[in-house]
file start-v6.csv (CSV, C-alpha atoms and all ligand atoms)
chain,number,residue,atom,x,y,z
A,1,MET,CA,61.4,118.7,-88.2
A,2,ALA,CA,62.5,116.2,-85.5
A,3,ARG,CA,60.5,113.2,-84.5
A,4,GLU,CA,60.9,110.4,-82.0
A,5,PHE,CA,58.9,107.2,-81.6
A,6,VAL,CA,59.2,103.7,-80.0
A,7,ILE,CA,58.1,100.3,-81.5
A,8,ARG,CA,57.8,97.3,-79.2
A,9,VAL,CA,57.3,93.8,-80.6
A,10,PRO,CA,56.6,90.8,-78.4
A,11,ALA,CA,58.4,87.5,-79.0
A,12,SER,CA,56.3,84.5,-79.8
A,13,SER,CA,56.0,80.8,-79.2
A,14,ALA,CA,54.6,79.2,-82.4
A,15,ASN,CA,53.2,75.7,-83.2
A,16,ILE,CA,51.6,75.4,-79.8
A,17,GLY,CA,51.0,71.6,-79.4
A,18,PRO,CA,49.2,70.3,-82.5
A,19,GLY,CA,49.1,73.8,-84.1
A,20,PHE,CA,52.1,73.5,-86.5
A,21,ASP,CA,52.1,76.7,-88.7
A,22,VAL,CA,48.7,77.7,-87.1
A,23,LEU,CA,48.8,78.5,-83.4
A,24,GLY,CA,51.0,81.1,-81.6
A,25,ILE,CA,51.2,83.0,-78.4
A,26,GLY,CA,52.7,86.5,-78.1
A,27,LEU,CA,55.1,86.5,-75.1
A,28,ASN,CA,56.2,89.4,-72.9
A,29,LEU,CA,59.8,89.4,-74.1
A,30,TYR,CA,60.4,92.3,-76.4
A,31,LEU,CA,62.3,93.7,-79.4
A,32,THR,CA,62.3,97.5,-78.8
A,33,ILE,CA,63.2,99.9,-81.5
A,34,ASN,CA,63.7,103.6,-80.5
A,35,VAL,CA,63.6,105.8,-83.6
A,36,LYS,CA,64.8,109.4,-83.8
A,37,ILE,CA,64.6,111.4,-87.0
A,38,ASP,CA,66.5,114.7,-86.9
A,39,ALA,CA,68.1,116.0,-90.1
A,40,GLU,CA,69.9,118.8,-88.2
A,41,GLN,CA,71.4,116.6,-85.5
A,42,PHE,CA,72.2,113.4,-87.4
A,43,GLY,CA,71.8,114.4,-91.1
A,44,GLU,CA,75.5,114.3,-92.0
A,45,GLU,CA,76.3,111.2,-90.0
A,46,SER,CA,73.4,109.3,-91.5
A,47,LYS,CA,74.8,109.8,-95.0
A,48,LYS,CA,77.4,107.2,-94.1
A,49,ASP,CA,74.6,104.6,-94.6
A,50,PRO,CA,73.5,104.1,-98.2
A,51,PHE,CA,69.8,104.6,-97.1
A,52,ASN,CA,70.4,107.3,-94.4
A,53,CYS,CA,69.8,105.1,-91.4
A,54,LEU,CA,72.3,104.9,-88.4
A,55,ILE,CA,71.7,101.6,-86.5
A,56,SER,CA,72.9,101.0,-83.0
A,57,TYR,CA,72.0,97.7,-81.3
A,58,GLU,CA,72.2,96.2,-77.8
A,59,GLY,CA,71.1,92.9,-76.3
A,60,GLU,CA,70.5,89.6,-78.1
A,61,GLY,CA,72.1,89.3,-81.5
A,62,ALA,CA,74.3,92.4,-81.0
A,63,ASP,CA,77.4,90.5,-82.1
A,64,GLU,CA,75.6,88.8,-85.1
A,65,VAL,CA,73.4,91.3,-86.9
A,66,PRO,CA,74.7,93.6,-89.6
A,67,PHE,CA,74.5,97.4,-89.0
A,68,GLN,CA,74.1,98.5,-92.6
A,69,SER,CA,70.4,99.2,-93.3
A,70,ASP,CA,70.3,97.3,-96.6
A,71,LYS,CA,71.9,94.2,-94.9
A,72,ASN,CA,70.1,94.2,-91.6
A,73,PHE,CA,66.9,92.0,-91.7
A,74,LEU,CA,64.8,94.5,-89.7
A,75,THR,CA,65.7,97.6,-91.8
A,76,GLN,CA,65.7,95.5,-95.1
A,77,THR,CA,62.1,94.7,-94.3
A,78,ALA,CA,61.4,98.4,-93.6
A,79,LEU,CA,63.1,99.4,-96.9
A,80,TYR,CA,60.9,96.8,-98.8
A,81,VAL,CA,57.7,98.4,-97.5
A,82,LEU,CA,59.0,101.9,-98.1
A,83,ARG,CA,60.1,101.0,-101.7
A,84,VAL,CA,56.8,99.4,-102.8
A,85,ASN,CA,55.1,102.6,-101.5
A,86,SER,CA,57.4,104.8,-103.6
A,87,VAL,CA,59.8,105.9,-100.8
A,88,ARG,CA,63.4,105.0,-101.7
A,89,THR,CA,65.3,105.8,-98.5
A,90,PHE,CA,64.9,106.5,-94.8
A,91,PRO,CA,64.5,110.3,-94.1
A,92,LEU,CA,67.8,112.1,-93.7
A,93,GLY,CA,69.0,111.9,-90.1
A,94,THR,CA,67.2,108.6,-89.2
A,95,ARG,CA,68.8,107.0,-86.1
A,96,ILE,CA,67.5,103.7,-84.6
A,97,LEU,CA,68.5,102.2,-81.4
A,98,VAL,CA,67.5,98.5,-81.1
A,99,HIS,CA,67.3,96.8,-77.7
A,100,ASN,CA,66.6,93.1,-78.2
A,101,ASP,CA,65.6,90.7,-75.4
A,102,VAL,CA,64.6,87.9,-77.9
A,103,PRO,CA,67.3,85.4,-78.4
A,104,LEU,CA,68.0,84.6,-82.1
A,105,GLY,CA,67.5,81.2,-83.7
A,106,ARG,CA,65.9,79.6,-80.6
A,107,GLY,CA,62.2,79.3,-81.6
A,108,LEU,CA,61.0,82.4,-79.8
A,109,GLY,CA,60.2,84.2,-83.1
A,110,SER,CA,63.1,86.6,-83.3
A,111,SER,CA,62.8,86.7,-87.1
A,112,GLY,CA,59.1,87.4,-86.7
A,113,THR,CA,59.8,90.3,-84.3
A,114,ALA,CA,62.3,91.8,-86.8
A,115,VAL,CA,59.9,91.5,-89.7
A,116,VAL,CA,56.9,92.9,-87.7
A,117,GLY,CA,59.2,95.7,-86.3
A,118,GLY,CA,60.5,96.5,-89.8
A,119,VAL,CA,57.0,96.8,-91.3
A,120,LEU,CA,55.8,99.0,-88.4
A,121,LEU,CA,58.9,101.1,-88.8
A,122,ALA,CA,58.2,101.7,-92.5
A,123,ASN,CA,54.5,102.4,-91.8
A,124,ALA,CA,55.4,105.0,-89.2
A,125,ILE,CA,58.2,106.6,-91.2
A,126,GLY,CA,56.2,106.7,-94.4
A,127,GLY,CA,53.0,107.9,-92.6
A,128,PHE,CA,51.1,105.3,-94.6
A,129,GLY,CA,48.5,104.7,-91.9
A,130,PHE,CA,48.2,100.9,-92.7
A,131,SER,CA,46.1,98.9,-90.3
A,132,LYS,CA,47.7,96.0,-88.5
A,133,GLN,CA,45.9,93.7,-90.8
A,134,ARG,CA,47.5,95.3,-93.9
A,135,CYS,CA,50.9,95.3,-92.1
A,136,LEU,CA,50.5,91.5,-91.7
A,137,ASP,CA,50.3,91.3,-95.5
A,138,TYR,CA,53.8,92.8,-95.8
A,139,CYS,CA,55.1,90.5,-93.0
A,140,LEU,CA,53.7,87.5,-94.8
A,141,MET,CA,55.6,88.4,-98.0
A,142,ILE,CA,58.8,87.7,-96.0
A,143,GLU,CA,57.9,85.2,-93.3
A,144,ARG,CA,55.6,82.8,-95.0
A,145,HIS,CA,54.0,80.9,-92.1
A,146,PRO,CA,51.5,83.1,-90.2
A,147,ASP,CA,51.8,81.7,-86.7
A,148,ASN,CA,54.7,83.6,-85.2
A,149,ILE,CA,54.1,86.8,-87.1
A,150,THR,CA,50.4,87.0,-86.2
A,151,ALA,CA,51.2,86.3,-82.5
A,152,SER,CA,53.8,89.1,-82.4
A,153,MET,CA,51.7,91.6,-84.3
A,154,MET,CA,48.3,90.9,-82.7
A,155,GLY,CA,49.3,89.5,-79.3
A,156,GLY,CA,47.6,86.9,-77.1
A,157,PHE,CA,46.9,83.3,-78.2
A,158,VAL,CA,46.1,83.3,-81.9
A,159,GLY,CA,45.2,80.9,-84.7
A,160,SER,CA,45.8,81.9,-88.3
A,161,PHE,CA,45.6,80.7,-91.9
A,162,LEU,CA,46.8,82.0,-95.3
A,163,ARG,CA,44.1,82.4,-97.9
A,164,ASP,CA,44.1,80.7,-101.3
A,165,LEU,CA,45.9,82.7,-103.9
A,166,SER,CA,45.1,83.2,-107.6
A,167,LYS,CA,47.9,82.3,-110.0
A,168,SER,CA,49.1,85.9,-110.4
A,169,GLU,CA,49.0,86.5,-106.6
A,170,SER,CA,50.9,83.3,-106.0
A,171,GLU,CA,53.6,84.4,-108.4
A,172,ARG,CA,53.9,87.7,-106.5
A,173,VAL,CA,54.1,86.0,-103.1
A,174,HIS,CA,56.2,83.0,-103.9
A,175,GLN,CA,59.4,84.7,-105.0
A,176,PRO,CA,62.9,84.2,-103.8
A,177,LEU,CA,63.3,86.4,-100.7
A,178,GLU,CA,66.2,88.3,-102.3
A,179,ASN,CA,63.8,89.7,-105.0
A,180,ILE,CA,61.8,91.1,-102.2
A,181,LEU,CA,64.5,92.3,-99.8
A,182,SER,CA,67.3,93.1,-102.2
A,183,PRO,CA,66.1,93.7,-105.7
A,184,LYS,CA,68.8,94.2,-108.4
A,185,LYS,CA,69.5,97.8,-109.5
A,186,GLY,CA,66.7,99.0,-111.7
A,187,GLU,CA,64.3,96.3,-110.5
A,188,THR,CA,61.6,96.8,-108.0
A,189,SER,CA,59.9,94.5,-105.5
A,190,THR,CA,56.3,93.5,-105.8
A,191,ASP,CA,53.6,94.9,-103.5
A,192,ALA,CA,51.8,92.5,-101.1
A,193,PRO,CA,48.3,91.2,-102.1
A,194,SER,CA,45.6,92.1,-99.6
A,195,ASN,CA,44.3,90.0,-96.7
A,196,LEU,CA,46.9,87.2,-97.0
A,197,GLY,CA,46.3,86.1,-93.5
A,198,THR,CA,43.2,85.6,-91.3
A,199,HIS,CA,43.4,85.1,-87.6
A,200,VAL,CA,41.3,84.7,-84.5
A,201,LYS,CA,42.2,85.3,-80.8
A,202,TYR,CA,41.3,82.6,-78.4
A,203,HIS,CA,40.6,83.1,-74.7
A,204,MET,CA,43.4,81.6,-72.6
A,205,SER,CA,43.0,81.4,-68.8
A,206,GLU,CA,45.0,84.0,-66.9
A,207,LYS,CA,46.2,81.2,-64.6
A,208,ILE,CA,48.3,79.8,-67.5
A,209,LYS,CA,51.9,80.9,-67.5
A,210,CYS,CA,54.6,80.0,-70.1
A,211,VAL,CA,57.8,78.5,-69.0
A,212,ALA,CA,60.4,78.8,-71.8
A,213,ILE,CA,63.5,76.6,-71.4
A,214,ILE,CA,66.0,77.9,-73.9
A,215,PRO,CA,68.9,75.7,-74.9
A,216,GLN,CA,72.1,77.6,-75.6
A,217,PHE,CA,72.4,76.7,-79.2
A,218,GLU,CA,70.7,78.0,-82.3
A,219,VAL,CA,68.6,76.1,-84.9
A,220,SER,CA,67.6,78.2,-87.8
A,221,THR,CA,64.0,78.0,-88.9
A,222,ASN,CA,65.1,77.2,-92.4
A,223,LYS,CA,67.1,74.2,-91.3
A,224,SER,CA,64.4,73.1,-89.0
A,225,ARG,CA,61.8,73.2,-91.8
A,226,SER,CA,64.2,71.3,-94.1
A,227,VAL,CA,63.9,68.1,-92.0
A,228,LEU,CA,60.0,68.0,-92.3
A,229,PRO,CA,58.4,65.7,-94.8
A,230,SER,CA,56.5,67.2,-97.8
A,231,SER,CA,53.4,65.1,-97.2
A,232,TYR,CA,51.7,63.3,-94.3
A,233,SER,CA,49.4,60.4,-93.8
A,234,ARG,CA,45.7,61.0,-93.2
A,235,GLU,CA,46.1,59.4,-89.7
A,236,ASP,CA,48.7,61.9,-88.6
A,237,ILE,CA,46.8,64.9,-90.0
A,238,VAL,CA,43.6,63.8,-88.3
A,239,PHE,CA,45.5,63.1,-85.1
A,240,ASN,CA,46.6,66.8,-85.0
A,241,LEU,CA,43.2,68.3,-86.1
A,242,GLN,CA,41.3,66.4,-83.4
A,243,ARG,CA,43.7,67.8,-80.7
A,244,LEU,CA,43.7,71.3,-82.2
A,245,ALA,CA,40.0,71.5,-81.9
A,246,VAL,CA,40.0,70.5,-78.3
A,247,LEU,CA,43.1,72.5,-77.2
A,248,THR,CA,41.9,75.9,-78.3
A,249,SER,CA,38.8,75.7,-76.1
A,250,ALA,CA,40.4,73.7,-73.2
A,251,VAL,CA,42.9,76.4,-72.4
A,252,GLY,CA,40.1,79.0,-71.9
A,253,ALA,CA,38.1,76.9,-69.4
A,254,GLU,CA,37.5,78.3,-65.9
A,255,ASN,CA,38.5,75.0,-64.4
A,256,LEU,CA,41.5,73.9,-66.3
A,257,ASP,CA,41.8,70.1,-66.9
A,258,PRO,CA,45.5,69.2,-67.0
A,259,ALA,CA,44.9,65.7,-68.4
A,260,LEU,CA,42.8,67.0,-71.2
A,261,ILE,CA,45.2,69.8,-72.1
A,262,TYR,CA,48.2,67.5,-71.9
A,263,SER,CA,46.8,65.0,-74.3
A,264,ALA,CA,45.5,67.8,-76.6
A,265,MET,CA,49.1,69.2,-76.8
A,266,GLN,CA,50.4,66.1,-78.6
A,267,ASP,CA,51.8,66.5,-82.2
A,268,ARG,CA,52.7,64.3,-85.1
A,269,LEU,CA,53.5,66.9,-87.7
A,270,HIS,CA,56.8,68.5,-86.7
A,271,GLN,CA,58.2,67.4,-83.4
A,272,PRO,CA,58.9,63.8,-84.4
A,273,TYR,CA,61.0,65.0,-87.3
A,274,ARG,CA,62.8,67.8,-85.4
A,275,LYS,CA,64.2,65.4,-82.7
A,276,VAL,CA,67.2,64.8,-84.9
A,277,LEU,CA,68.2,68.5,-84.5
A,278,ILE,CA,67.5,68.8,-80.8
A,279,PRO,CA,69.2,66.3,-78.4
A,280,GLY,CA,66.9,65.7,-75.4
A,281,LEU,CA,63.7,66.7,-77.2
A,282,SER,CA,62.3,63.2,-77.4
A,283,GLU,CA,62.8,62.6,-73.7
A,284,VAL,CA,61.5,66.0,-72.6
A,285,ILE,CA,58.2,65.7,-74.5
A,286,THR,CA,57.5,62.1,-73.3
A,287,LYS,CA,58.7,62.1,-69.7
A,288,PHE,CA,57.0,65.2,-68.3
A,289,THR,CA,53.3,64.8,-67.4
A,290,PRO,CA,50.8,66.5,-65.1
A,291,GLU,CA,51.1,63.4,-62.8
A,292,ASN,CA,54.8,63.6,-62.2
A,293,HIS,CA,54.9,67.5,-62.4
A,294,PRO,CA,51.8,68.9,-60.8
A,295,GLY,CA,50.9,72.3,-62.3
A,296,LEU,CA,52.1,71.3,-65.8
A,297,LEU,CA,49.4,71.5,-68.4
A,298,GLY,CA,51.3,70.7,-71.6
A,299,ILE,CA,54.7,70.6,-73.1
A,300,CYS,CA,55.9,71.2,-76.7
A,301,LEU,CA,58.6,72.5,-78.9
A,302,SER,CA,58.4,76.3,-79.2
A,303,GLY,CA,58.5,77.5,-82.9
A,304,ALA,CA,61.1,75.7,-84.9
A,305,GLY,CA,63.1,75.0,-81.7
A,306,PRO,CA,65.2,74.4,-79.7
A,307,THR,CA,63.3,76.2,-77.0
A,308,ILE,CA,60.8,74.0,-75.0
A,309,LEU,CA,57.5,75.6,-74.0
A,310,CYS,CA,55.7,74.4,-70.9
A,311,LEU,CA,52.2,75.7,-70.2
A,312,ALA,CA,51.8,75.5,-66.4
A,313,THR,CA,49.9,77.0,-63.5
A,314,LYS,CA,52.4,76.4,-60.6
A,315,ASN,CA,55.7,74.7,-59.8
A,316,PHE,CA,57.4,76.7,-62.6
A,317,ASN,CA,60.9,76.4,-61.0
A,318,GLN,CA,60.7,72.7,-60.5
A,319,ILE,CA,59.4,72.0,-64.0
A,320,ALA,CA,62.2,74.2,-65.5
A,321,SER,CA,65.0,72.7,-63.4
A,322,ASP,CA,63.9,69.1,-64.4
A,323,VAL,CA,63.8,69.9,-68.1
A,324,ILE,CA,67.2,71.7,-67.8
A,325,GLU,CA,68.6,68.6,-66.1
A,326,ILE,CA,67.6,66.4,-69.1
A,327,PHE,CA,69.3,68.7,-71.5
A,328,ARG,CA,72.4,68.9,-69.2
A,329,LYS,CA,72.8,65.1,-69.4
A,330,LYS,CA,73.0,65.6,-73.2
A,331,ASN,CA,75.7,68.3,-72.6
A,332,VAL,CA,73.3,71.1,-73.5
A,333,ILE,CA,73.2,74.2,-71.2
A,334,CYS,CA,69.9,76.0,-70.9
A,335,LYS,CA,68.5,79.2,-69.5
A,336,TRP,CA,64.8,79.6,-68.6
A,337,ARG,CA,62.3,82.4,-68.4
A,338,LEU,CA,58.8,82.6,-66.8
A,339,LEU,CA,56.8,84.4,-69.4
A,340,GLU,CA,53.2,85.6,-69.8
A,341,PRO,CA,51.1,86.2,-72.9
A,342,ALA,CA,51.6,89.7,-74.4
A,343,TYR,CA,47.9,90.5,-75.0
A,344,GLU,CA,48.4,93.8,-76.8
A,345,GLY,CA,50.7,92.7,-79.5
A,346,ALA,CA,53.1,95.1,-81.2
A,347,THR,CA,52.8,98.8,-80.4
A,348,VAL,CA,54.0,102.1,-81.8
A,349,GLU,CA,54.3,105.0,-79.4
A,350,GLU,CA,54.9,108.5,-80.7
A,351,ILE,CA,57.2,110.3,-78.2
A,352,SER,CA,57.6,113.7,-79.9
A,353,LYS,CA,57.0,115.4,-83.2
A,354,LEU,CA,58.4,118.9,-83.5
B,1,LIG,N1,66.6,91.9,-84.0
B,1,LIG,C1,67.0,91.4,-85.2
B,1,LIG,N2,67.6,92.2,-86.1
B,1,LIG,C2,68.1,91.8,-87.2
B,1,LIG,N3,67.9,90.5,-87.6
B,1,LIG,C3,67.3,89.6,-86.8
B,1,LIG,C4,66.8,90.0,-85.6
B,1,LIG,N4,66.2,89.0,-85.0
B,1,LIG,C5,66.4,87.9,-85.8
B,1,LIG,N5,67.0,88.3,-86.9
B,1,LIG,C6,67.3,87.5,-88.1
B,1,LIG,O1,66.6,86.3,-88.0
B,1,LIG,C7,67.4,85.1,-87.9
B,1,LIG,C8,66.8,84.1,-86.9
B,1,LIG,O2,65.6,83.7,-87.5
B,1,LIG,P1,65.1,82.2,-87.3
B,1,LIG,O3,66.1,81.2,-87.9
B,1,LIG,O4,63.7,82.2,-88.0
B,1,LIG,O5,65.0,81.9,-85.8
B,1,LIG,P2,63.9,82.4,-84.7
B,1,LIG,O6,63.4,81.1,-84.2
B,1,LIG,O7,64.6,83.1,-83.6
B,1,LIG,O8,62.9,83.2,-85.4
B,1,LIG,C9,68.7,85.7,-87.4
B,1,LIG,O9,69.8,84.9,-87.7
B,1,LIG,C10,68.8,87.0,-88.0
B,1,LIG,O10,69.2,86.9,-89.4
B,2,LIG,N1,55.7,77.3,-87.8
B,2,LIG,C1,57.0,77.7,-87.9
B,2,LIG,C2,57.3,78.6,-86.7
B,2,LIG,C3,58.7,79.1,-86.7
B,2,LIG,O1,58.9,79.9,-85.5
B,2,LIG,P1,60.3,80.4,-85.0
B,2,LIG,O2,60.0,81.0,-83.6
B,2,LIG,O3,61.2,79.3,-84.9
B,2,LIG,O4,60.7,81.5,-86.0
B,2,LIG,C4,57.9,76.5,-88.0
B,2,LIG,O5,57.8,75.6,-87.1
B,2,LIG,O6,58.8,76.4,-88.8

call {"tool": "encode", "arguments": {"input": "start-v6.csv", "output": "structure tokens"}}
result
Amino acid sequence: MAREFVIRVPASSANIGPGFDVLGIGLNLYLTINVKIDAEQFGEESKKDPFNCLISYEGEGADEVPFQSDKNFLTQTALYVLRVNSVRTFPLGTRILVHNDVPLGRGLGSSGTAVVGGVLLANAIGGFGFSKQRCLDYCLMIERHPDNITASMMGGFVGSFLRDLSKSESERVHQPLENILSPKKGETSTDAPSNLGTHVKYHMSEKIKCVAIIPQFEVSTNKSRSVLPSSYSREDIVFNLQRLAVLTSAVGAENLDPALIYSAMQDRLHQPYRKVLIPGLSEVITKFTPENHPGLLGICLSGAGPTILCLATKNFNQIASDVIEIFRKKNVICKWRLLEPAYEGATVEEISKL
């Protein structure tokens, strides 16, 4: 039996303003995975891979990612979900062609798209029929902050949190990633507890566009998390909470108020600490205001950086060129993209099943 389907996963911008590890927007820049399963056509060739999966790959990351299915982050994720549901390999004759428009290590959620794509791939291959909510549980076993994953899976502008875990659930979830993705021979990985993440979608005015200025260097999320403190002062936490409450409603207003949104986009929980990794960040987030750049609503670090996200209603070109100029003076070259929220989130489209 031959089968073909396509998975599309939107990129994300996480940590919007004061929403560190909480807020994210799905963006219309995609990781696309074309899957063909045909034992007659690719059966013999697929046996070259230890788990029967031929991977070809084009676009962002093509010269970086491994092509063996138990080494590639996307297929490792799929193998984890298959394994804990009693399926040991991909079906004989599995061929996947990845087309990736999401740059790696830039704070646009590439790891989140790979994890979401991998979980949806396993769900489709195994015919498990898991809901997106259940798929999120598997994602959260691998990527442990919910903001980017939830935005990519569910789409739109989302807020999310992780529920409190019992001691035994916590032991299941907080394991070294290798135990989950590459268990030793004879050992198995643990299944995901249910309902790990909870989310809501906020209304965001359709007038708001997302200008992403993407510096041409990578900052891994692990490194960018390592510079954060392990505790914060009450003042700083309250500073962010106050703004978070205002921002989530202010972006949905019919008459957008740039001064309100701009001040509600300030953060004290991650940006101040990540400046050491991103030359120019400090200047960019203090110098750009709605007064000197009409149309700008707010500016922040996207995800763990180094990408800068500007929410704006007009003058996109001017805003982007001026941010790029600040980075250029620090010898950092940037690209930029005008993006829109991806409201639908991740999709799986069955093309043919014979
Ligand atoms: N399409 C992909 N296929 C395989 N692995 C990927 C893919 N996209 C991202 N990754 C993995 O995720 C890493 C980047 O993740 P991370 O440091 O969290 O940055 P980002 O901000 O882009 O999410 C890459 O180095 C790679 O290991
Ligand atoms: N809240 C996380 C978000 C990471 O997003 P990414 O796009 O950099 O993967 C963090 O700030 O560490």

call {"tool": "atom_distance", "arguments": {"input": "start-v6.csv", "atom1": "CA of Gly159 in chain A", "atom2": "CA of Ala259 in chain A"}}
result
22.3 Å

call {"tool": "closest_atom_pairs", "arguments": {"input": "start-v6.csv", "of": "chain A", "to": "ligand LIG 2 (chain B)", "cutoff": "7 Å", "atoms": "all atoms listed in the file", "output": "Markdown table"}}
result
| residue | atom | partner | partner_atom | distance |
| --- | --- | --- | --- | --- |
| A:Ser12 | CA | B:LIG2 | O2 | 6.4 |
| A:Ser13 | CA | B:LIG2 | O2 | 5.9 |
| A:Ala14 | CA | B:LIG2 | C2 | 5.1 |
| A:Asn15 | CA | B:LIG2 | N1 | 5.5 |
| A:Phe20 | CA | B:LIG2 | N1 | 5.4 |
| A:Asp21 | CA | B:LIG2 | N1 | 3.8 |
| A:Gly105 | CA | B:LIG2 | O3 | 6.7 |
| A:Arg106 | CA | B:LIG2 | O3 | 6.4 |
| A:Gly107 | CA | B:LIG2 | O2 | 3.4 |
| A:Leu108 | CA | B:LIG2 | O2 | 4.2 |
| A:Gly109 | CA | B:LIG2 | O2 | 3.2 |
| A:Ser110 | CA | B:LIG2 | O4 | 6.2 |
| A:Ser111 | CA | B:LIG2 | O4 | 5.7 |
| A:Gly112 | CA | B:LIG2 | O4 | 6.2 |
| A:His145 | CA | B:LIG2 | N1 | 5.9 |
| A:Asp147 | CA | B:LIG2 | N1 | 6.0 |
| A:Asn148 | CA | B:LIG2 | O1 | 5.6 |
| A:Thr221 | CA | B:LIG2 | O3 | 5.1 |
| A:Ser224 | CA | B:LIG2 | O6 | 6.5 |
| A:Arg225 | CA | B:LIG2 | O6 | 5.3 |
| A:Ser302 | CA | B:LIG2 | O2 | 6.6 |
| A:Gly303 | CA | B:LIG2 | O1 | 3.6 |
| A:Ala304 | CA | B:LIG2 | O3 | 3.6 |
| A:Gly305 | CA | B:LIG2 | O3 | 5.7 |

call {"tool": "atom_distance", "arguments": {"input": "start-v6.csv", "atom1": "CA of Val332 in chain A", "atom2": "CA of Ala264 in chain A"}}
result
28.2 Å

call {"tool": "residues_around", "arguments": {"input": "start-v6.csv", "residues": "Pro91 in chain A", "least_positions_apart": "5", "cutoff": "9 Å", "atoms": "only C-alpha atoms", "output": "NGL selection string"}}
result
:A and (37-39 or 43 or 51-53 or 125)

call {"tool": "closest_residue", "arguments": {"input": "start-v6.csv", "among": "A:Leu162, A:Ile237, A:Val219, A:Leu29", "to": "ligand LIG 1 (chain B)", "atoms": "all atoms listed in the file"}}
result
A:Val219

call {"tool": "atom_distance", "arguments": {"input": "start-v6.csv", "atom1": "CA of Asp257 in chain A", "atom2": "CA of Phe161 in chain A"}}
result
27.4 Å

call {"tool": "closest_residue", "arguments": {"input": "start-v6.csv", "among": "A:Leu301, A:Leu177, A:Met154, A:Val115", "to": "ligand LIG 1 (chain B)", "atoms": "all atoms listed in the file"}}
result
A:Val115

call {"tool": "closest_residue", "arguments": {"input": "start-v6.csv", "among": "A:Phe73, A:Lys167, A:Glu187, A:Phe5", "to": "Leu97 in chain A", "atoms": "all atoms listed in the file"}}
result
A:Phe5

call {"tool": "residues_around", "arguments": {"input": "start-v6.csv", "residues": "Leu120 in chain A", "least_positions_apart": "2", "cutoff": "8 Å", "atoms": "all atoms listed in the file", "output": "list in words"}}
result
Ile7, Ala78, Val116, Gly117, Gly118, Ala122, Asn123, Ala124, Cys135 and Val348 of chain A

call {"tool": "closest_residue", "arguments": {"input": "start-v6.csv", "among": "A:Thr286, A:Ser56, A:Ser131, A:Gln318", "to": "ligand LIG 1 (chain B)", "atoms": "only C-alpha atoms and all ligand atoms"}}
result
A:Ser56

call {"tool": "residues_around", "arguments": {"input": "start-v6.csv", "residues": "Ala62 in chain A", "least_positions_apart": "5", "cutoff": "12 Å", "atoms": "all atoms listed in the file", "output": "number ranges by chain"}}
result
A: 55-57, 67, 72, 97-104

call {"tool": "residues_around", "arguments": {"input": "start-v6.csv", "residues": "Pro215 in chain A", "least_positions_apart": "2", "cutoff": "9 Å", "atoms": "all atoms listed in the file", "output": "ChimeraX atom specification"}}
result
/A:106,213,217-218,305-308,324,327,332-336

call {"tool": "closest_residue", "arguments": {"input": "start-v6.csv", "among": "A:Ala11, A:Ala2, A:Cys139, A:Val35", "to": "ligand LIG 1 (chain B)", "atoms": "all atoms listed in the file"}}
result
A:Ala11

call {"tool": "closest_residue", "arguments": {"input": "start-v6.csv", "among": "A:Ser321, A:Thr32, A:Thr94, A:Ser282", "to": "ligand LIG 1 (chain B)", "atoms": "only C-alpha atoms and all ligand atoms"}}
result
A:Thr32

call {"tool": "residues_around", "arguments": {"input": "start-v6.csv", "residues": "range 340-345 of chain A", "least_positions_apart": "3", "cutoff": "12 Å", "atoms": "only C-alpha atoms", "output": "ChimeraX atom specification"}}
result
/A:7-13,24-31,113,116-117,132,148-158,201-212,309-313,337,348

call {"tool": "residues_near_point", "arguments": {"input": "start-v6.csv", "point": "(51.6, 89.3, -100.2)", "cutoff": "7 Å", "atoms": "all atoms listed in the file", "output": "list in words"}}
result
Asp137, Tyr138, Leu140, Met141, Arg172, Val173, Asp191, Ala192, Pro193, Ser194 and Leu196 of chain A

call {"tool": "build_atoms", "arguments": {"input": "start-v6.csv", "residues": "range 61-68 of chain A", "atoms": "N, CA and C atoms", "output": "mmCIF file, in the coordinates of the input"}}
result
data_model
loop_
_atom_site.group_PDB
_atom_site.id
_atom_site.type_symbol
_atom_site.label_atom_id
_atom_site.label_comp_id
_atom_site.auth_asym_id
_atom_site.auth_seq_id
_atom_site.Cartn_x
_atom_site.Cartn_y
_atom_site.Cartn_z
ATOM 1 N N GLY A 61 71.791 89.185 -80.052
ATOM 2 C CA GLY A 61 72.100 89.300 -81.500
ATOM 3 C C GLY A 61 73.065 90.462 -81.783
ATOM 4 N N ALA A 62 73.488 91.216 -80.733
ATOM 5 C CA ALA A 62 74.300 92.400 -81.000
ATOM 6 C C ALA A 62 75.618 92.049 -81.721
ATOM 7 N N ASP A 63 76.150 90.830 -81.473
ATOM 8 C CA ASP A 63 77.400 90.500 -82.100
ATOM 9 C C ASP A 63 77.148 89.718 -83.458
ATOM 10 N N GLU A 64 75.890 89.603 -83.873
ATOM 11 C CA GLU A 64 75.600 88.800 -85.100
ATOM 12 C C GLU A 64 74.992 89.668 -86.213
ATOM 13 N N VAL A 65 74.153 90.655 -85.871
ATOM 14 C CA VAL A 65 73.400 91.300 -86.900
ATOM 15 C C VAL A 65 74.190 92.401 -87.630
ATOM 16 N N PRO A 66 74.034 92.553 -88.943
ATOM 17 C CA PRO A 66 74.700 93.600 -89.600
ATOM 18 C C PRO A 66 74.116 94.997 -89.298
ATOM 19 N N PHE A 67 74.938 96.045 -89.363
ATOM 20 C CA PHE A 67 74.500 97.400 -89.000
ATOM 21 C C PHE A 67 74.217 98.286 -90.220
ATOM 22 N N GLN A 68 74.394 97.736 -91.426
ATOM 23 C CA GLN A 68 74.100 98.500 -92.600
ATOM 24 C C GLN A 68 72.629 98.299 -92.968
#
